[in-house]
Amino acid sequence: GAVVSQHPSWVICKSGTSVKIECRSLDFQATTMFWYRQFPKQSLMLMATSNEGSKATYEQGVEKDKFLINHASLTLSTLTVTSAHPEDSSFYICSARDGAERMGHNEQFFGPGTRLTVL
Amino acid sequence: AQSVSQHNHHVILSEAASLELGCNYSYGGTVNLFWYVQYPGQHLQLLLKYFSGDPLVKGIKGFEAEFIKSKFSFNLRKPSVQWSDTAEYFCAVNARNTDKLIFGTGTRLQVFP
């Protein structure tokens, strides 16, 4: 099956610093990638939809200047948490949709997640 | 707005017991339905999905789910659980004209030997 990787798997940073998380589709081209946030014992909340070569679409309530998303190639999307604060500590998960499939008729393949802890 | 509700937050079973996890969604149009599983320390994996056709869908590891359109439900079932089924289970929905997945709150399943 399709594989999605994330790097790093965990990161600890000081408050005020920025952290970049990478999401890669390893064996398929992903025209669309998604970024989710998962709080402890809660569900996944979609943060933004990332389309290759265009600006990301953010969900309501998600600050686009705080969570910068770049989808520069068909296999890589990055999420940068700028000026991170303790309340940004969470589990960030990306997923990717195979670009060969038509929209709405396919599944998303999920990465293993990145645990961010902001001190 | 679309929403997904999973009524069972935490389920505890003994091995060989039967399992049914509820999932209901709210959306008036055509939807795709999914069940994902997250084993401890691992990433989300697809258990099964429904796009169209037979409303009884069979997935991996002996799981199945039935789409009942009139009830807006997509309950997950397994006739005999194993200790290795201990995990978090998420129901998810996307409208047919979009790729945005809406997840339920998840059900934590614990199976004791």
# chains A, B, ... in the order shown; residues from 1 in each chain; ligands from 1

$ closest_atom_pairs --of "chain A" --to "chain B" --cutoff "10 Å" --atoms "only C-alpha atoms" --output "Markdown table"
| residue | atom | partner | partner_atom | distance |
| --- | --- | --- | --- | --- |
| A:Val4 | CA | B:His43 | CA | 9.9 |
| A:Thr32 | CA | B:Asp99 | CA | 8.9 |
| A:Met33 | CA | B:Asp99 | CA | 9.9 |
| A:Phe34 | CA | B:Lys100 | CA | 8.4 |
| A:Lys41 | CA | B:Gly106 | CA | 8.2 |
| A:Gln42 | CA | B:Thr105 | CA | 5.8 |
| A:Ser43 | CA | B:Thr105 | CA | 4.5 |
| A:Leu44 | CA | B:Phe103 | CA | 6.3 |
| A:Met45 | CA | B:Phe103 | CA | 7.4 |
| A:Leu46 | CA | B:Ile102 | CA | 7.7 |
| A:Ala48 | CA | B:Lys100 | CA | 9.4 |
| A:Thr49 | CA | B:Lys100 | CA | 8.0 |
| A:Ile93 | CA | B:His43 | CA | 8.6 |
| A:Ser95 | CA | B:Leu44 | CA | 9.6 |
| A:Arg97 | CA | B:Asp99 | CA | 8.3 |
| A:Arg102 | CA | B:Asp99 | CA | 9.6 |
| A:Met103 | CA | B:Asp99 | CA | 6.1 |
| A:Gly104 | CA | B:Arg96 | CA | 4.9 |
| A:His105 | CA | B:Phe51 | CA | 7.1 |
| A:Asn106 | CA | B:Asp99 | CA | 8.1 |
| A:Glu107 | CA | B:Lys49 | CA | 8.1 |
| A:Gln108 | CA | B:Asp99 | CA | 8.4 |
| A:Phe109 | CA | B:Gln45 | CA | 7.7 |
| A:Phe110 | CA | B:Leu44 | CA | 6.0 |
| A:Gly111 | CA | B:His43 | CA | 6.3 |
| A:Pro112 | CA | B:His43 | CA | 4.3 |
| A:Gly113 | CA | B:His43 | CA | 6.8 |

$ select_by_dssp --residues "chain B" --states "strand (DSSP E)" --output "ChimeraX atom specification"
/B:3-5,10-14,19-21,24-26,31-38,45-50,56-58,64-68,73-78,87-95,102-103,107-112

$ residues_around --residues "range 51-67 of chain A" --least-positions-apart "5" --cutoff "7 Å" --atoms "only C-alpha atoms" --output "PyMOL selection string"
chain A and resi 31-33+46+72-74+79-82

$ closest_residue --among "A:Gln38, A:Ser5, A:Ser50, A:Thr78" --to "Ile21 in chain A" --atoms "only C-alpha atoms"
A:Thr78

$ residues_around --residues "Val3 in chain A" --least-positions-apart "5" --cutoff "7 Å" --atoms "only C-alpha atoms" --output "mmCIF file with all heavy atoms, in the first residue's frame"
data_model
loop_
_atom_site.group_PDB
_atom_site.id
_atom_site.type_symbol
_atom_site.label_atom_id
_atom_site.label_comp_id
_atom_site.auth_asym_id
_atom_site.auth_seq_id
_atom_site.Cartn_x
_atom_site.Cartn_y
_atom_site.Cartn_z
ATOM 1 N N SER A 25 5.117 11.607 0.543
ATOM 2 C CA SER A 25 4.523 10.398 -0.027
ATOM 3 C C SER A 25 5.655 9.641 -0.703
ATOM 4 O O SER A 25 6.362 10.183 -1.545
ATOM 5 C CB SER A 25 3.411 10.752 -1.017
ATOM 6 O OG SER A 25 3.905 11.589 -2.054
ATOM 7 N N LEU A 26 5.851 8.402 -0.312
ATOM 8 C CA LEU A 26 7.053 7.683 -0.727
ATOM 9 C C LEU A 26 6.920 6.931 -2.047
ATOM 10 O O LEU A 26 7.892 6.721 -2.747
ATOM 11 C CB LEU A 26 7.471 6.708 0.382
ATOM 12 C CG LEU A 26 7.836 7.356 1.721
ATOM 13 C CD1 LEU A 26 8.359 6.322 2.699
ATOM 14 C CD2 LEU A 26 8.849 8.472 1.542
ATOM 15 N N ASP A 27 5.738 6.492 -2.378
ATOM 16 C CA ASP A 27 5.612 5.668 -3.575
ATOM 17 C C ASP A 27 4.451 6.101 -4.463
ATOM 18 O O ASP A 27 3.975 5.332 -5.300
ATOM 19 C CB ASP A 27 5.474 4.189 -3.198
ATOM 20 C CG ASP A 27 4.412 3.973 -2.146
ATOM 21 O OD1 ASP A 27 3.752 4.960 -1.753
ATOM 22 O OD2 ASP A 27 4.231 2.831 -1.708
ATOM 23 N N PHE A 109 -3.985 8.388 2.819
ATOM 24 C CA PHE A 109 -2.967 7.575 3.475
ATOM 25 C C PHE A 109 -2.279 8.456 4.515
ATOM 26 O O PHE A 109 -1.837 9.560 4.215
ATOM 27 C CB PHE A 109 -1.969 7.028 2.455
ATOM 28 C CG PHE A 109 -2.625 6.193 1.401
ATOM 29 C CD1 PHE A 109 -2.970 6.737 0.181
ATOM 30 C CD2 PHE A 109 -2.932 4.868 1.651
ATOM 31 C CE1 PHE A 109 -3.599 5.968 -0.800
ATOM 32 C CE2 PHE A 109 -3.556 4.085 0.677
ATOM 33 C CZ PHE A 109 -3.895 4.638 -0.547
#

$ residues_around --residues "range 65-67 of chain B" --least-positions-apart "5" --cutoff "8 Å" --atoms "only C-alpha atoms" --output "MDAnalysis selection string"
chainID B and resid 48 50 55:59 72:77

$ atom_distance --atom1 "CA of Lys61 in chain B" --atom2 "CA of Cys94 in chain A"
24.6 Å
